[in-house]
Number of protein chains: 2
Amino acid sequence: MDKVSTIKDVAKLANVSISTVSRVLNGTTPVSKESSDKVYKAVEVLDYKPNAMARSLISKKTMTIAVIIPNLSNLFFPELLRGISKAVEKEGYFLIICNTDYSSEKEEKYINQMLERRVDGFIIVSSSISNEKLTQMVKGKTSVVFVYSYADFGYNIMEDGIKATYDATKYLIHMGHKKIACVGWRFKGVNVRYMGFRKALEEFNVDFRNEYVIDCGYSKEEITNNTIKLLKMKDRPTGIVAFNDDTAIAIMMAAKNMGINIPEELSIIGYDNISISNILLKPLTTISVPIHKMGVDAGKKIIEIIDNGISYSDTYREKYIPYELIERESVKAMDIDKLN
Amino acid sequence: MDKVSTIKDVAKLANVSISTVSRVLNGTTPVSKESSDKVYKAVEVLDYKPNAMARSLISKKTMTIAVIIPNLSNLFFPELLRGISKAVEKEGYFLIICNTDYSSEKEEKYINQMLERRVDGFIIVSSSISNEKLTQMVKGKTSVVFVYSYADFGYNIMEDGIKATYDATKYLIHMGHKKIACVGWRFKGVNVRYMGFRKALEEFNVDFRNEYVIDCGYSKEEITNNTIKLLKMKDRPTGIVAFNDDTAIAIMMAAKNMGINIPEELSIIGYDNISISNILLKPLTTISVPIHKMGVDAGKKIIEIIDNGISYSDTYREKYIPYELIERESVKAMDIDKLN
DNA sequence: ATTTGTGTTGAAAACCTTTTCATGAAATTT
DNA sequence: AAATTTCATGAAAAGGTTTTCAACACAAAT
């Protein structure tokens, strides 16, 4: 590679001091036309590009935001990313992407590395790090916006997940379903979606069955395998609450391969309303969350926090993001005679 | 925010010199156990994190790769990104994402900014910058891998686009279609997909009609509008070659809304085989390209180039990426009696 | 007892900027 | 004409590291 030139080279070629070069390039102090002309010419000739790192070292700003995100396969995340990207790029910030693969070790490692890079802020999506650890690692050290994370500090963005899943489950119940399964992930810790699911069953007196709650993490294979197992049960469910659309889609595919018709023989309700959910084999009935807008909000917010040096020492949330249930074609009312 | 501590603070607290701290942290030179113990303790107490920028300033490595990508909405790109991310993260590199929105001005701006940031390398996807400009901007200055870009220097990754589109079109022809449209973008410059399309028509003596070539850029709205116009023609095509799956999907949706059945009344063949193309309303027949693998390849290659300081002054391509035509359900053989 | 070698260490230069401070010249005021 | 203000400029410090060089203490070899 060609040697890249420095401000020194420019100064020498233009026959002025380093400070003068800096001044004309940044417009900080007036400089004589004569000098600035010489500088511009030298910059042109040398194709000089100021070293952003040296600059950041002084300004203590990197114009970089780290996005900690579990995965890029579930379309939810790229869609969110798109929103974030849109919001921050117009303010001149850049995004550095850290793919955690749902691993808390990786997440921890990446957060530390980003801290070393002195990024101006973090957008942490679906964190899998414990609250204590999170507090110890980032609280008071940098600006953070959490999306779908349950941190007890910092700015938090998400919808009311309990209520939303409650609504989804209620919908299935109201459509006459009595045998309702849920498939999702991370049932050990706090799981708002599971909580909403349980709450609805309880409130409407629908039997809860342990064998109807399917924990399959985030891998397509596991979802497929567990779904097959679930649907092979002698007394299989007539409705499934999937904790996200990605899962719902995998379930639909598994059902299709088993020759089970949706929604005639199996109803599915999803969660997220990712952009493809309405162009599927069977358009998906789902909880719609304004993904793109959430991304934009997160992007705007992190910049606001950075600029104003706000620090949320307690959990802060302006309000829950609104969501809505979108009826499409993956859920069917149970036949009257089949009820019970 | 808390004041972040520097190597100086550590040195002072541990009562050793700066150099010693650096040495124990980097393991460059042996240090007495006594000293290193003190250093580790001080690091712990101060929660010291070395400033990556100061470090890069010396090492001249940022461990950062810029990905210049036109868009995040077309699923092709997140999928590619996933591959790139997978390949580079295991080598300790991070990705900075630059979303150009298909605008060459933005692309230029971002490339320059990334040059200022002294990223170790670039992966430029579907560039819309002219060859001369590209040469002037990056040739010899940094490591680059191009994906789907037609640069006459640097490492280039893509499949044989002419042949692939030729095959797609040929397929439609062999299925008995005589009235074939194509819908895509950027017809002014070099457009390999268009070239392949034309070549097939010519070779198999199928009428070429100017009103059957639809240029709609990359926006869903334009695709939808132009498709509606196309399908409202008195003598509308029976088959469409879409230059990518994203476009094919938009066409399918438009057709659906017009009450036109696919494939009975209209056949569509796509290009890319993005992961959702087989779970659509009508599973899409398409040219399958190993998107994820291409991403991985691009990631591996850029690191190899960075590490070995290779510089491809001419276009270099190991070989064209293999592709295949995947038959699904969006194309139908024309009825014999309808032929002609 | 002198030389040679080994193992630890600190001072200072280097990386590339921005910014403060001081200086000197020119222009303005008294 | 002297005093003051304004303007343009350069030298040097600062930002936080790594690395080179020199120095020192001590052990080993002559």
# chains A, B, ... in the order shown; residues from 1 in each chain; ligands from 1
call {"tool": "interface_residues", "arguments": {"of": "chain B", "to": "chain D", "cutoff": "8 Å", "atoms": "only C-alpha atoms (C1' of nucleotides)", "output": "PyMOL selection string"}}
result
chain B and resi 6-7+22+50-51+54-55+57-59
call {"tool": "write_last_selection", "arguments": {"atoms": "C-alpha atoms", "output": "PDB file, in the first residue's frame"}}
result
ATOM      1  CA  THR B   6      -5.305   5.545  31.771  1.00  0.00           C
ATOM      2  CA  ILE B   7      -2.137   3.571  31.822  1.00  0.00           C
ATOM      3  CA  SER B  22       2.390  -1.914  29.132  1.00  0.00           C
ATOM      4  CA  PRO B  50      -6.505   0.221  27.328  1.00  0.00           C
ATOM      5  CA  ASN B  51      -7.502   2.867  24.840  1.00  0.00           C
ATOM      6  CA  ALA B  54      -4.007   5.215  21.159  1.00  0.00           C
ATOM      7  CA  ARG B  55      -2.948   1.681  20.505  1.00  0.00           C
ATOM      8  CA  LEU B  57      -2.170   4.985  16.386  1.00  0.00           C
ATOM      9  CA  ILE B  58       1.040   3.113  16.993  1.00  0.00           C
ATOM     10  CA  SER B  59       0.244  -0.338  15.668  1.00  0.00           C
TER      11      SER B  59
END
call {"tool": "closest_atom_pairs", "arguments": {"of": "chain B", "to": "chain A", "cutoff": "8 Å", "atoms": "only C-alpha atoms", "output": "Markdown table"}}
result
| residue | atom | partner | partner_atom | distance |
| --- | --- | --- | --- | --- |
| B:Met1 | CA | A:Gly140 | CA | 5.1 |
| B:Asp2 | CA | A:Lys141 | CA | 5.7 |
| B:Lys3 | CA | A:Lys141 | CA | 8.0 |
| B:Val4 | CA | A:Lys141 | CA | 7.7 |
| B:Lys49 | CA | A:Glu116 | CA | 5.6 |
| B:Pro50 | CA | A:Glu116 | CA | 5.8 |
| B:Asn51 | CA | A:Glu116 | CA | 5.2 |
| B:Ala52 | CA | A:Arg117 | CA | 4.8 |
| B:Met53 | CA | A:Met53 | CA | 5.7 |
| B:Ala54 | CA | A:Leu57 | CA | 6.7 |
| B:Ser56 | CA | A:Met53 | CA | 7.6 |
| B:Leu57 | CA | A:Met53 | CA | 6.6 |
| B:Leu72 | CA | A:Arg82 | CA | 6.0 |
| B:Ser73 | CA | A:Glu79 | CA | 7.2 |
| B:Pro78 | CA | A:Pro78 | CA | 6.4 |
| B:Glu79 | CA | A:Ser73 | CA | 7.2 |
| B:Arg82 | CA | A:Leu72 | CA | 6.0 |
| B:Ser85 | CA | A:Asn99 | CA | 7.5 |
| B:Phe94 | CA | A:Ile96 | CA | 6.9 |
| B:Leu95 | CA | A:Ile96 | CA | 5.7 |
| B:Ile96 | CA | A:Ile96 | CA | 4.5 |
| B:Ile97 | CA | A:Leu95 | CA | 5.8 |
| B:Cys98 | CA | A:Phe94 | CA | 7.4 |
| B:Asn99 | CA | A:Ser85 | CA | 7.5 |
| B:Leu115 | CA | A:Lys49 | CA | 7.3 |
| B:Glu116 | CA | A:Asn51 | CA | 5.3 |
| B:Arg117 | CA | A:Ala52 | CA | 4.9 |
| B:Arg118 | CA | A:Asn51 | CA | 7.0 |
| B:Gly140 | CA | A:Met1 | CA | 5.1 |
| B:Lys141 | CA | A:Met1 | CA | 5.3 |
| B:Thr142 | CA | A:Met1 | CA | 6.3 |
| B:Met253 | CA | A:Ile279 | CA | 7.6 |
| B:Ile276 | CA | A:Ile276 | CA | 8.0 |
| B:Ile279 | CA | A:Leu281 | CA | 5.8 |
| B:Leu280 | CA | A:Leu280 | CA | 4.3 |
| B:Leu281 | CA | A:Leu281 | CA | 3.8 |
| B:Lys282 | CA | A:Leu281 | CA | 6.6 |
| B:Pro283 | CA | A:Leu281 | CA | 7.9 |
| B:Gly309 | CA | A:Met1 | CA | 7.6 |
| B:Ser311 | CA | A:Met1 | CA | 7.4 |
call {"tool": "residues_around", "arguments": {"residues": "Glu304 (chain B)", "least_positions_apart": "2", "cutoff": "12 Å", "atoms": "only C-alpha atoms (C1' of nucleotides)", "output": "count of residues only"}}
result
21
call {"tool": "residues_around", "arguments": {"residues": "Thr100 (chain A)", "least_positions_apart": "4", "cutoff": "8 Å", "atoms": "only C-alpha atoms (C1' of nucleotides)", "output": "PyMOL selection string"}}
result
chain A and resi 68-71+104+106-107+110
call {"tool": "write_last_selection", "arguments": {"atoms": "C-alpha atoms", "output": "compact mmCIF listing (two decimals), in the first residue's frame"}}
result
# COMPACT_ATOMS: atom_id res chain seq x y z
CA ILE A 68 -24.84 -5.52 20.45
CA ILE A 69 -27.24 -7.86 18.74
CA PRO A 70 -27.78 -11.57 19.19
CA ASN A 71 -28.13 -12.63 15.64
CA SER A 104 -23.47 -14.14 27.14
CA LYS A 106 -19.42 -13.33 23.62
CA GLU A 107 -21.64 -10.47 24.62
CA TYR A 110 -17.67 -7.64 22.83
call {"tool": "interface_residues", "arguments": {"of": "chain C", "to": "chain B", "cutoff": "9 Å", "atoms": "only C-alpha atoms (C1' of nucleotides)", "output": "number ranges by chain"}}
result
C: 7-10, 14-16
call {"tool": "select_by_dssp", "arguments": {"residues": "region 19-101 of chain A", "states": "strand (DSSP E or B)", "output": "short mmCIF file (atom, residue, chain, number, x, y, z; two decimals) with N, CA and C atoms, in the first residue's frame"}}
result
data_model
loop_
_atom_site.label_atom_id
_atom_site.label_comp_id
_atom_site.auth_asym_id
_atom_site.auth_seq_id
_atom_site.Cartn_x
_atom_site.Cartn_y
_atom_site.Cartn_z
N THR A 64 -18.90 6.74 16.92
CA THR A 64 -19.20 5.34 16.69
C THR A 64 -20.16 4.83 17.76
N ILE A 65 -21.12 4.06 17.33
CA ILE A 65 -22.05 3.44 18.26
C ILE A 65 -22.00 1.94 18.08
N ALA A 66 -21.84 1.24 19.19
CA ALA A 66 -21.79 -0.22 19.12
C ALA A 66 -23.20 -0.78 19.23
N VAL A 67 -23.52 -1.67 18.31
CA VAL A 67 -24.81 -2.36 18.41
C VAL A 67 -24.54 -3.80 18.81
N ILE A 68 -25.02 -4.15 19.97
CA ILE A 68 -24.84 -5.52 20.45
C ILE A 68 -26.13 -6.25 20.14
N ILE A 69 -26.04 -7.24 19.29
CA ILE A 69 -27.24 -7.86 18.74
C ILE A 69 -27.02 -9.37 18.68
N PHE A 94 -21.42 6.23 13.02
CA PHE A 94 -21.33 4.94 12.36
C PHE A 94 -21.60 3.83 13.36
N LEU A 95 -22.03 2.72 12.79
CA LEU A 95 -22.41 1.58 13.60
C LEU A 95 -21.36 0.49 13.53
N ILE A 96 -21.02 -0.05 14.68
CA ILE A 96 -20.15 -1.21 14.69
C ILE A 96 -21.02 -2.35 15.20
N ILE A 97 -21.03 -3.44 14.47
CA ILE A 97 -21.97 -4.52 14.76
C ILE A 97 -21.30 -5.66 15.53
N CYS A 98 -21.88 -6.01 16.64
CA CYS A 98 -21.37 -7.15 17.42
C CYS A 98 -22.44 -8.21 17.52
N ASN A 99 -22.14 -9.31 16.90
CA ASN A 99 -23.04 -10.44 16.79
C ASN A 99 -22.78 -11.41 17.92
#
call {"tool": "select_by_dssp", "arguments": {"residues": "region 123-168 of chain B", "states": "helix (DSSP H, G or I)", "output": "list in words"}}
result
Asn131, Glu132, Lys133, Leu134, Thr135, Gln136, Met137, Val138, Gly161, Ile162, Lys163, Ala164, Thr165, Tyr166, Asp167 and Ala168 of chain B
call {"tool": "write_last_selection", "arguments": {"atoms": "C-alpha atoms", "output": "JSON list (two decimals), in the first residue's frame"}}
result
[["chain", "number", "residue", "atom", "x", "y", "z"],
["B", 131, "ASN", "CA", -14.41, 2.44, -12.16],
["B", 132, "GLU", "CA", -12.24, 5.49, -12.64],
["B", 133, "LYS", "CA", -13.45, 7.05, -9.44],
["B", 134, "LEU", "CA", -13.08, 3.79, -7.56],
["B", 135, "THR", "CA", -9.55, 3.41, -8.82],
["B", 136, "GLN", "CA", -8.65, 6.92, -7.84],
["B", 137, "MET", "CA", -10.23, 6.57, -4.43],
["B", 138, "VAL", "CA", -9.01, 3.24, -3.14],
["B", 161, "GLY", "CA", -24.26, -13.08, -14.00],
["B", 162, "ILE", "CA", -24.69, -13.18, -17.75],
["B", 163, "LYS", "CA", -24.79, -16.93, -17.83],
["B", 164, "ALA", "CA", -27.09, -17.16, -14.83],
["B", 165, "THR", "CA", -29.68, -14.80, -16.24],
["B", 166, "TYR", "CA", -29.30, -16.46, -19.60],
["B", 167, "ASP", "CA", -30.16, -19.74, -17.90],
["B", 168, "ALA", "CA", -33.12, -18.24, -16.10]]
call {"tool": "residues_around", "arguments": {"residues": "Arg317 (chain B)", "least_positions_apart": "5", "cutoff": "12 Å", "atoms": "only C-alpha atoms (C1' of nucleotides)", "output": "ChimeraX atom specification"}}
result
/B:145-160,297-298,301,312
